[in-house]
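Source file: protein25.txt. Holds: compact mmCIF, N, CA and C atoms.
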# COMPACT_ATOMS: atom_id res chain seq x y z
N THR M 9 -12.33 -19.64 -15.56
CA THR M 9 -12.28 -19.65 -17.01
C THR M 9 -10.91 -19.17 -17.48
N ILE M 10 -10.63 -19.46 -18.71
CA ILE M 10 -9.33 -19.07 -19.28
C ILE M 10 -9.19 -17.55 -19.34
N SER M 11 -10.28 -16.87 -19.67
CA SER M 11 -10.25 -15.42 -19.75
C SER M 11 -9.92 -14.80 -18.39
N ALA M 12 -10.56 -15.30 -17.35
CA ALA M 12 -10.30 -14.77 -16.00
C ALA M 12 -8.86 -15.04 -15.58
N LEU M 13 -8.37 -16.23 -15.87
CA LEU M 13 -6.99 -16.56 -15.53
C LEU M 13 -6.01 -15.70 -16.33
N SER M 14 -6.33 -15.45 -17.59
CA SER M 14 -5.47 -14.60 -18.41
C SER M 14 -5.42 -13.18 -17.85
N ASN M 15 -6.58 -12.67 -17.43
CA ASN M 15 -6.62 -11.33 -16.83
C ASN M 15 -5.82 -11.30 -15.54
N GLU M 16 -5.98 -12.32 -14.72
CA GLU M 16 -5.24 -12.39 -13.45
C GLU M 16 -3.74 -12.45 -13.71
N LEU M 17 -3.34 -13.23 -14.70
CA LEU M 17 -1.92 -13.33 -15.06
C LEU M 17 -1.40 -11.97 -15.54
N ALA M 18 -2.19 -11.26 -16.33
CA ALA M 18 -1.77 -9.95 -16.83
C ALA M 18 -1.57 -8.97 -15.67
N VAL M 19 -2.49 -8.99 -14.70
CA VAL M 19 -2.36 -8.12 -13.52
C VAL M 19 -1.11 -8.48 -12.73
N THR M 20 -0.88 -9.77 -12.55
CA THR M 20 0.29 -10.23 -11.80
C THR M 20 1.58 -9.83 -12.51
N LYS M 21 1.61 -9.98 -13.83
CA LYS M 21 2.80 -9.58 -14.60
C LYS M 21 3.05 -8.08 -14.48
N LYS M 22 1.96 -7.30 -14.53
CA LYS M 22 2.09 -5.85 -14.40
C LYS M 22 2.66 -5.49 -13.03
N GLN M 23 2.13 -6.15 -11.99
CA GLN M 23 2.61 -5.88 -10.63
C GLN M 23 4.08 -6.28 -10.48
N LEU M 24 4.45 -7.41 -11.08
CA LEU M 24 5.84 -7.85 -11.02
C LEU M 24 6.76 -6.82 -11.69
N LYS M 25 6.33 -6.33 -12.85
CA LYS M 25 7.12 -5.32 -13.55
C LYS M 25 7.27 -4.05 -12.70
N LEU M 26 6.15 -3.63 -12.08
CA LEU M 26 6.20 -2.45 -11.22
C LEU M 26 7.12 -2.68 -10.03
N THR M 27 7.03 -3.86 -9.45
CA THR M 27 7.87 -4.18 -8.30
C THR M 27 9.34 -4.18 -8.70
N GLN M 28 9.64 -4.75 -9.86
CA GLN M 28 11.02 -4.75 -10.33
C GLN M 28 11.52 -3.33 -10.55
N GLN M 29 10.66 -2.47 -11.13
CA GLN M 29 11.04 -1.08 -11.33
C GLN M 29 11.28 -0.38 -9.99
N GLN M 30 10.40 -0.67 -9.02
CA GLN M 30 10.55 -0.06 -7.70
C GLN M 30 11.82 -0.53 -7.01
N LEU M 31 12.13 -1.82 -7.15
CA LEU M 31 13.36 -2.34 -6.55
C LEU M 31 14.58 -1.68 -7.19
N LYS M 32 14.56 -1.58 -8.51
CA LYS M 32 15.67 -0.95 -9.22
C LYS M 32 15.80 0.51 -8.79
N GLN M 33 14.66 1.20 -8.75
CA GLN M 33 14.69 2.60 -8.35
C GLN M 33 15.12 2.73 -6.89
N GLY M 34 14.65 1.82 -6.06
CA GLY M 34 15.01 1.84 -4.64
C GLY M 34 16.51 1.69 -4.45
N ARG M 35 17.13 0.82 -5.25
CA ARG M 35 18.58 0.63 -5.16
C ARG M 35 19.31 1.89 -5.60
N LEU M 36 18.76 2.58 -6.60
CA LEU M 36 19.42 3.78 -7.11
C LEU M 36 19.26 4.96 -6.15
N GLU M 37 18.06 5.08 -5.56
CA GLU M 37 17.79 6.26 -4.74
C GLU M 37 17.89 6.01 -3.24
N GLY M 38 17.76 4.76 -2.82
CA GLY M 38 17.85 4.42 -1.40
C GLY M 38 16.82 5.16 -0.57
N ALA M 39 17.23 5.64 0.57
CA ALA M 39 16.33 6.31 1.50
C ALA M 39 15.81 7.63 0.91
N ASP M 40 16.51 8.18 -0.07
CA ASP M 40 16.10 9.42 -0.70
C ASP M 40 14.73 9.28 -1.35
N PHE M 41 14.39 8.08 -1.79
CA PHE M 41 13.10 7.80 -2.43
C PHE M 41 11.96 8.14 -1.47
N THR M 42 12.04 7.65 -0.24
CA THR M 42 11.00 7.91 0.75
C THR M 42 10.93 9.39 1.08
N LYS M 43 12.08 10.03 1.18
CA LYS M 43 12.11 11.47 1.47
C LYS M 43 11.44 12.26 0.34
N GLN M 44 11.68 11.87 -0.90
CA GLN M 44 11.05 12.55 -2.04
C GLN M 44 9.53 12.43 -1.96
N LEU M 45 9.04 11.22 -1.64
CA LEU M 45 7.59 11.03 -1.50
C LEU M 45 7.04 11.88 -0.35
N ASP M 46 7.75 11.89 0.78
CA ASP M 46 7.31 12.68 1.93
C ASP M 46 7.27 14.17 1.60
N ASP M 47 8.29 14.66 0.91
CA ASP M 47 8.33 16.08 0.53
C ASP M 47 7.17 16.43 -0.39
N LYS M 48 6.91 15.57 -1.38
CA LYS M 48 5.82 15.82 -2.32
C LYS M 48 4.47 15.77 -1.58
N PHE M 49 4.34 14.81 -0.67
CA PHE M 49 3.12 14.69 0.14
C PHE M 49 2.86 15.99 0.90
N ASP M 50 3.90 16.55 1.50
CA ASP M 50 3.77 17.79 2.27
C ASP M 50 3.33 18.96 1.40
N GLU M 51 3.71 18.95 0.12
CA GLU M 51 3.39 20.05 -0.80
C GLU M 51 1.97 19.98 -1.33
N GLU M 52 1.40 18.79 -1.41
CA GLU M 52 0.09 18.63 -2.04
C GLU M 52 -1.05 19.00 -1.08
N THR M 53 -2.20 19.36 -1.68
CA THR M 53 -3.40 19.63 -0.89
C THR M 53 -4.18 18.33 -0.68
N GLU M 54 -4.95 18.29 0.39
CA GLU M 54 -5.68 17.07 0.74
C GLU M 54 -6.85 16.84 -0.22
N ASN M 55 -7.11 15.56 -0.49
CA ASN M 55 -8.23 15.14 -1.32
C ASN M 55 -9.09 14.21 -0.47
N THR M 56 -10.07 14.77 0.23
CA THR M 56 -10.86 13.98 1.18
C THR M 56 -11.72 12.92 0.49
N LEU M 57 -12.20 13.19 -0.71
CA LEU M 57 -12.99 12.19 -1.43
C LEU M 57 -12.14 10.96 -1.75
N TRP M 58 -10.95 11.19 -2.25
CA TRP M 58 -10.05 10.07 -2.56
C TRP M 58 -9.65 9.34 -1.28
N SER M 59 -9.39 10.08 -0.20
CA SER M 59 -9.08 9.46 1.09
C SER M 59 -10.20 8.50 1.49
N PHE M 60 -11.44 8.96 1.35
CA PHE M 60 -12.59 8.12 1.71
C PHE M 60 -12.63 6.87 0.84
N ASP M 61 -12.41 7.03 -0.48
CA ASP M 61 -12.44 5.89 -1.40
C ASP M 61 -11.36 4.86 -1.06
N VAL M 62 -10.15 5.33 -0.80
CA VAL M 62 -9.05 4.42 -0.47
C VAL M 62 -9.30 3.78 0.89
N GLU M 63 -9.78 4.56 1.85
CA GLU M 63 -10.09 4.02 3.18
C GLU M 63 -11.15 2.92 3.08
N THR M 64 -12.19 3.16 2.28
CA THR M 64 -13.25 2.16 2.10
C THR M 64 -12.68 0.89 1.46
N ALA M 65 -11.89 1.05 0.41
CA ALA M 65 -11.29 -0.11 -0.26
C ALA M 65 -10.37 -0.87 0.69
N LEU M 66 -9.59 -0.15 1.46
CA LEU M 66 -8.65 -0.77 2.40
C LEU M 66 -9.39 -1.51 3.52
N THR M 67 -10.43 -0.90 4.05
CA THR M 67 -11.23 -1.54 5.10
C THR M 67 -11.92 -2.79 4.57
N ASP M 68 -12.50 -2.69 3.37
CA ASP M 68 -13.13 -3.86 2.74
C ASP M 68 -12.11 -4.97 2.52
N PHE M 69 -10.91 -4.58 2.07
CA PHE M 69 -9.84 -5.55 1.85
C PHE M 69 -9.50 -6.31 3.14
N LEU M 70 -9.38 -5.58 4.25
CA LEU M 70 -9.05 -6.23 5.52
C LEU M 70 -10.13 -7.24 5.92
N ILE M 71 -11.39 -6.89 5.69
CA ILE M 71 -12.49 -7.79 6.05
C ILE M 71 -12.52 -9.01 5.13
N VAL M 72 -12.46 -8.79 3.82
CA VAL M 72 -12.53 -9.88 2.85
C VAL M 72 -11.32 -10.81 2.96
N SER M 73 -10.17 -10.26 3.31
CA SER M 73 -8.94 -11.05 3.41
C SER M 73 -8.77 -11.71 4.77
N ASP M 74 -9.78 -11.62 5.61
CA ASP M 74 -9.73 -12.20 6.97
C ASP M 74 -8.56 -11.63 7.78
N LEU M 75 -8.24 -10.36 7.56
CA LEU M 75 -7.15 -9.72 8.30
C LEU M 75 -7.67 -8.69 9.29
N SER M 76 -8.99 -8.46 9.29
CA SER M 76 -9.53 -7.39 10.16
C SER M 76 -9.40 -7.71 11.65
N ASN M 77 -9.25 -8.98 12.00
CA ASN M 77 -9.03 -9.32 13.41
C ASN M 77 -7.58 -9.13 13.81
N ASN M 78 -6.68 -9.04 12.82
CA ASN M 78 -5.25 -8.93 13.09
C ASN M 78 -4.70 -7.52 12.91
N ALA M 79 -5.36 -6.72 12.09
CA ALA M 79 -4.84 -5.38 11.79
C ALA M 79 -5.99 -4.39 11.63
N GLN M 80 -5.79 -3.19 12.15
CA GLN M 80 -6.79 -2.14 12.03
C GLN M 80 -6.13 -0.90 11.44
N LEU M 81 -6.91 -0.20 10.64
CA LEU M 81 -6.44 1.06 10.05
C LEU M 81 -6.37 2.10 11.17
N ASN M 82 -5.19 2.68 11.36
CA ASN M 82 -4.99 3.70 12.38
C ASN M 82 -5.28 5.09 11.82
N TYR M 83 -4.76 5.38 10.64
CA TYR M 83 -5.04 6.67 10.00
C TYR M 83 -4.80 6.54 8.50
N ILE M 84 -5.41 7.46 7.76
CA ILE M 84 -5.17 7.56 6.31
C ILE M 84 -5.35 9.02 5.92
N THR M 85 -4.45 9.49 5.08
CA THR M 85 -4.57 10.82 4.49
C THR M 85 -4.13 10.71 3.04
N CYS M 86 -5.01 11.16 2.15
CA CYS M 86 -4.66 11.18 0.73
C CYS M 86 -4.62 12.63 0.26
N LYS M 87 -3.58 12.93 -0.47
CA LYS M 87 -3.45 14.26 -1.07
C LYS M 87 -3.86 14.12 -2.54
N GLN M 88 -3.22 14.81 -3.46
CA GLN M 88 -3.63 14.74 -4.86
C GLN M 88 -3.12 13.47 -5.56
N THR M 89 -1.88 13.06 -5.27
CA THR M 89 -1.31 11.87 -5.92
C THR M 89 -0.72 10.88 -4.94
N ILE M 90 -0.69 11.23 -3.64
CA ILE M 90 -0.01 10.39 -2.64
C ILE M 90 -0.93 10.16 -1.45
N CYS M 91 -0.94 8.92 -0.98
CA CYS M 91 -1.67 8.57 0.24
C CYS M 91 -0.67 8.03 1.26
N LYS M 92 -0.96 8.32 2.52
CA LYS M 92 -0.21 7.73 3.63
C LYS M 92 -1.23 7.08 4.54
N PHE M 93 -0.92 5.87 4.97
CA PHE M 93 -1.78 5.24 5.96
C PHE M 93 -0.97 4.28 6.81
N GLU M 94 -1.53 4.01 8.00
CA GLU M 94 -0.86 3.13 8.94
C GLU M 94 -1.85 2.09 9.44
N LEU M 95 -1.38 0.87 9.54
CA LEU M 95 -2.15 -0.22 10.12
C LEU M 95 -1.46 -0.65 11.41
N LEU M 96 -2.28 -0.94 12.41
CA LEU M 96 -1.76 -1.40 13.69
C LEU M 96 -2.14 -2.86 13.88
N ALA M 97 -1.22 -3.64 14.44
CA ALA M 97 -1.48 -5.04 14.71
C ALA M 97 -2.34 -5.17 15.96
N ASP M 98 -3.12 -6.23 16.00
CA ASP M 98 -3.89 -6.55 17.19
C ASP M 98 -2.92 -6.76 18.35
N LYS M 99 -3.36 -6.41 19.54
CA LYS M 99 -2.49 -6.53 20.73
C LYS M 99 -2.02 -7.96 20.97
N ASN M 100 -2.81 -8.94 20.53
CA ASN M 100 -2.45 -10.35 20.74
C ASN M 100 -1.66 -10.93 19.57
N ASN M 101 -1.25 -10.07 18.65
CA ASN M 101 -0.52 -10.52 17.47
C ASN M 101 0.80 -11.18 17.86
N GLU M 102 0.98 -12.38 17.36
CA GLU M 102 2.24 -13.10 17.60
C GLU M 102 3.00 -13.36 16.31
N GLN M 103 2.45 -12.89 15.20
CA GLN M 103 3.08 -13.14 13.89
C GLN M 103 4.20 -12.15 13.58
N GLY M 104 4.15 -10.97 14.16
CA GLY M 104 5.18 -9.97 13.88
C GLY M 104 5.21 -9.57 12.42
N HIS M 105 6.42 -9.47 11.89
CA HIS M 105 6.60 -9.04 10.49
C HIS M 105 5.95 -9.99 9.50
N ALA M 106 5.79 -11.26 9.83
CA ALA M 106 5.17 -12.23 8.92
C ALA M 106 3.75 -11.78 8.56
N GLN M 107 3.05 -11.18 9.52
CA GLN M 107 1.70 -10.68 9.25
C GLN M 107 1.74 -9.60 8.18
N TRP M 108 2.72 -8.70 8.25
CA TRP M 108 2.80 -7.60 7.28
C TRP M 108 3.19 -8.13 5.90
N ARG M 109 4.02 -9.15 5.84
CA ARG M 109 4.35 -9.75 4.53
C ARG M 109 3.10 -10.36 3.90
N GLU M 110 2.32 -11.08 4.70
CA GLU M 110 1.09 -11.69 4.19
C GLU M 110 0.13 -10.61 3.71
N LEU M 111 -0.03 -9.56 4.51
CA LEU M 111 -0.91 -8.46 4.13
C LEU M 111 -0.45 -7.82 2.83
N ASN M 112 0.83 -7.54 2.72
CA ASN M 112 1.37 -6.90 1.52
C ASN M 112 1.18 -7.80 0.29
N ASP M 113 1.43 -9.11 0.45
CA ASP M 113 1.27 -10.04 -0.67
C ASP M 113 -0.17 -10.05 -1.18
N LYS M 114 -1.13 -9.96 -0.28
CA LYS M 114 -2.54 -9.94 -0.67
C LYS M 114 -2.93 -8.57 -1.23
N LEU M 115 -2.40 -7.52 -0.65
CA LEU M 115 -2.74 -6.16 -1.04
C LEU M 115 -2.38 -5.88 -2.50
N VAL M 116 -1.21 -6.31 -2.92
CA VAL M 116 -0.76 -6.00 -4.29
C VAL M 116 -1.57 -6.72 -5.36
N THR M 117 -2.40 -7.70 -4.97
CA THR M 117 -3.23 -8.40 -5.95
C THR M 117 -4.59 -7.72 -6.13
N MET M 118 -4.90 -6.73 -5.31
CA MET M 118 -6.21 -6.08 -5.37
C MET M 118 -6.27 -5.13 -6.58
N PRO M 119 -7.35 -5.20 -7.36
CA PRO M 119 -7.48 -4.32 -8.53
C PRO M 119 -7.38 -2.84 -8.18
N TRP M 120 -7.96 -2.40 -7.06
CA TRP M 120 -7.91 -0.98 -6.70
C TRP M 120 -6.50 -0.54 -6.34
N TRP M 121 -5.63 -1.47 -5.93
CA TRP M 121 -4.25 -1.16 -5.55
C TRP M 121 -3.42 -0.82 -6.79
N GLN M 122 -3.88 -1.27 -7.97
CA GLN M 122 -3.11 -1.07 -9.21
C GLN M 122 -2.96 0.41 -9.59
N GLN M 123 -3.76 1.29 -8.98
CA GLN M 123 -3.63 2.73 -9.25
C GLN M 123 -2.30 3.29 -8.75
N PHE M 124 -1.66 2.59 -7.82
CA PHE M 124 -0.42 3.08 -7.24
C PHE M 124 0.78 2.59 -8.04
N LYS M 125 1.59 3.54 -8.48
CA LYS M 125 2.77 3.22 -9.30
C LYS M 125 4.03 3.08 -8.45
N MET M 126 4.03 3.73 -7.29
CA MET M 126 5.19 3.65 -6.38
C MET M 126 4.67 3.43 -4.97
N THR M 127 5.36 2.56 -4.24
CA THR M 127 4.99 2.33 -2.85
C THR M 127 6.24 2.27 -1.99
N ALA M 128 6.09 2.75 -0.78
CA ALA M 128 7.15 2.64 0.22
C ALA M 128 6.47 2.25 1.53
N SER M 129 7.14 1.45 2.32
CA SER M 129 6.56 1.08 3.61
C SER M 129 7.67 0.90 4.64
N SER M 130 7.29 1.08 5.88
CA SER M 130 8.19 0.78 6.99
C SER M 130 7.34 0.11 8.06
N SER M 131 7.95 -0.83 8.78
CA SER M 131 7.15 -1.57 9.74
C SER M 131 7.96 -2.00 10.95
N THR M 132 7.22 -2.26 12.01
CA THR M 132 7.71 -2.93 13.20
C THR M 132 6.74 -4.09 13.41
N ASP M 133 6.92 -4.88 14.45
CA ASP M 133 5.97 -5.95 14.71
C ASP M 133 4.57 -5.40 14.99
N GLU M 134 4.49 -4.17 15.52
CA GLU M 134 3.22 -3.60 15.95
C GLU M 134 2.51 -2.77 14.89
N ARG M 135 3.25 -2.27 13.88
CA ARG M 135 2.63 -1.35 12.92
C ARG M 135 3.32 -1.42 11.56
N ILE M 136 2.58 -0.98 10.53
CA ILE M 136 3.17 -0.80 9.21
C ILE M 136 2.60 0.49 8.63
N GLU M 137 3.49 1.30 8.08
CA GLU M 137 3.07 2.55 7.46
C GLU M 137 3.39 2.48 5.97
N PHE M 138 2.40 2.86 5.15
CA PHE M 138 2.57 2.90 3.71
C PHE M 138 2.53 4.33 3.22
N THR M 139 3.35 4.63 2.23
CA THR M 139 3.25 5.85 1.45
C THR M 139 3.17 5.37 0.00
N VAL M 140 2.06 5.71 -0.66
CA VAL M 140 1.80 5.21 -2.01
C VAL M 140 1.49 6.38 -2.94
N SER M 141 1.92 6.24 -4.18
CA SER M 141 1.74 7.33 -5.14
C SER M 141 1.18 6.81 -6.47
N THR M 142 0.33 7.62 -7.07
CA THR M 142 -0.23 7.26 -8.38
C THR M 142 0.71 7.68 -9.52
N LYS M 143 1.78 8.40 -9.18
CA LYS M 143 2.74 8.85 -10.19
C LYS M 143 4.10 8.21 -9.93
N GLU M 144 4.85 8.03 -11.03
CA GLU M 144 6.20 7.47 -10.89
C GLU M 144 7.20 8.56 -10.65
Since I need it in another form, could you write the structure as structure tokens?
Amino acid sequence: TISALSNELAVTKKQLKLTQQQLKQGRLEGADFTKQLDDKFDEETENTLWSFDVETALTDFLIVSDLSNNAQLNYITCKQTICKFELLADKNNEQGHAQWRELNDKLVTMPWWQQFKMTASSSTDERIEFTVSTKE
């Protein structure tokens, strides 16, 4: 329906704006951006309820997106405003970084992902680690 498409377009525009802001901020702060998130993460206390909620959403996402055979959640820890988690590729993975691009492209369209205002990630062919924050 038109209403559903309009809502989807609004979410996509919001994500694009956030991504543009993150790219701009990333250029200004460089590697310091990730260090700032890591430092703040270390200072915050753990929020096990939020960790469970994000873990459940992430696990459901992997299943619904047909990615659960290619990637598994290795760990997740959520503090008050920041979560860190790592996904590991299946041992038979031959896609390498392409798999992580596909996963990221699908992840940013999820409604529950919209709570995160800043994201940072690092990856190899075997793993990807995310640090995400609900604050800018």
Item to check | Shell of 7 Å around M:Ala128, only C-alpha atoms, local chain residues under 5 positions omitted, as an NGL selection string | outcome: :M and (42 or 138-140)
Item to check | Spatial neighbours of M:Ala79, 7 Å, only C-alpha atoms, chain gap at least 4 places, as a PyMOL selection string | outcome: chain M and resi 75+95-98
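Nearest-residue note for M:Lys125: choosing from M:Glu144, M:Glu16, M:Glu94, M:Asp68, the minimum distance belongs to M:Glu144, counting all atoms listed in the file.
Considering the residues M:Gln80, M:Trp120, M:Ser129, M:Lys114 and counting all atoms listed in the file, M:Ala65 has its shortest atom-to-atom contact with M:Trp120.
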Item to check | atom N of M:Asn100 to atom CA of M:Leu70, distance in Å rounded to a single decimal | outcome: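 Calculated distance between atom N of M:Asn100 and atom CA of M:Leu70 is 16.5 Å.
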Checklist entry - Which protein, DNA or RNA residues have an atom at most 10 Å from (5.5, 9.7, -3.2), counting only C-alpha atoms? List them as an MDAnalysis selection string. => result chainID M and resid 41:50 89:92 124:128 139:144
Checklist entry - If you run DSSP on the backbone, which residues of stretch 38-102 of chain M are alpha helix (DSSP H), as JSON, numbers by chain? => result {"M": [40, 41, 42, 43, 44, 45, 46, 47, 48, 49, 50, 51, 56, 57, 58, 59, 60, 61, 62, 63, 64, 65, 66, 67, 68, 69, 70, 71, 72]}
Item to check | Å distance separating atom CA of M:Thr64 from atom CA of M:Gln123, one decimal place | outcome: 14.9 Å
Item to check | Atomic separation - atom N of M:Leu57 relative to atom CA of M:Ser73, Å | outcome: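 Between atom CA of M:Ser73 and atom N of M:Leu57 the gap works out to 24.8 Å.
Comparing M:Gln88, M:Asn77, M:Thr27, M:Asn82 by their smallest distance to M:Thr53, the closest is M:Gln88 (using only C-alpha atoms).
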Fill-in result for stretch 110-124 of chain M, N, CA, C and O atoms as a compact mmCIF listing (two decimals), in the frame of the given file:
# COMPACT_ATOMS: atom_id res chain seq x y z
N GLU M 110 2.32 -11.08 4.70
CA GLU M 110 1.09 -11.69 4.19
C GLU M 110 0.13 -10.61 3.71
O GLU M 110 -0.44 -10.72 2.63
N LEU M 111 -0.03 -9.56 4.51
CA LEU M 111 -0.91 -8.46 4.13
C LEU M 111 -0.45 -7.82 2.83
O LEU M 111 -1.25 -7.61 1.92
N ASN M 112 0.83 -7.54 2.72
CA ASN M 112 1.37 -6.90 1.52
C ASN M 112 1.18 -7.80 0.29
O ASN M 112 0.81 -7.32 -0.78
N ASP M 113 1.43 -9.11 0.45
CA ASP M 113 1.27 -10.04 -0.67
C ASP M 113 -0.17 -10.05 -1.18
O ASP M 113 -0.41 -10.14 -2.38
N LYS M 114 -1.13 -9.96 -0.28
CA LYS M 114 -2.54 -9.94 -0.67
C LYS M 114 -2.93 -8.57 -1.23
O LYS M 114 -3.71 -8.48 -2.18
N LEU M 115 -2.40 -7.52 -0.65
CA LEU M 115 -2.74 -6.16 -1.04
C LEU M 115 -2.38 -5.88 -2.50
O LEU M 115 -3.17 -5.30 -3.24
N VAL M 116 -1.21 -6.31 -2.92
CA VAL M 116 -0.76 -6.00 -4.29
C VAL M 116 -1.57 -6.72 -5.36
O VAL M 116 -1.47 -6.38 -6.54
N THR M 117 -2.40 -7.70 -4.97
CA THR M 117 -3.23 -8.40 -5.95
C THR M 117 -4.59 -7.72 -6.13
O THR M 117 -5.35 -8.11 -7.02
N MET M 118 -4.90 -6.73 -5.31
CA MET M 118 -6.21 -6.08 -5.37
C MET M 118 -6.27 -5.13 -6.58
O MET M 118 -5.35 -4.34 -6.79
N PRO M 119 -7.35 -5.20 -7.36
CA PRO M 119 -7.48 -4.32 -8.53
C PRO M 119 -7.38 -2.84 -8.18
O PRO M 119 -6.74 -2.07 -8.91
N TRP M 120 -7.96 -2.40 -7.06
CA TRP M 120 -7.91 -0.98 -6.70
C TRP M 120 -6.50 -0.54 -6.34
O TRP M 120 -6.16 0.64 -6.44
N TRP M 121 -5.63 -1.47 -5.93
CA TRP M 121 -4.25 -1.16 -5.55
C TRP M 121 -3.42 -0.82 -6.79
O TRP M 121 -2.40 -0.14 -6.69
N GLN M 122 -3.88 -1.27 -7.97
CA GLN M 122 -3.11 -1.07 -9.21
C GLN M 122 -2.96 0.41 -9.59
O GLN M 122 -2.12 0.75 -10.40
N GLN M 123 -3.76 1.29 -8.98
CA GLN M 123 -3.63 2.73 -9.25
C GLN M 123 -2.30 3.29 -8.75
O GLN M 123 -1.84 4.32 -9.23
N PHE M 124 -1.66 2.59 -7.82
CA PHE M 124 -0.42 3.08 -7.24
C PHE M 124 0.78 2.59 -8.04
O PHE M 124 0.96 1.41 -8.24
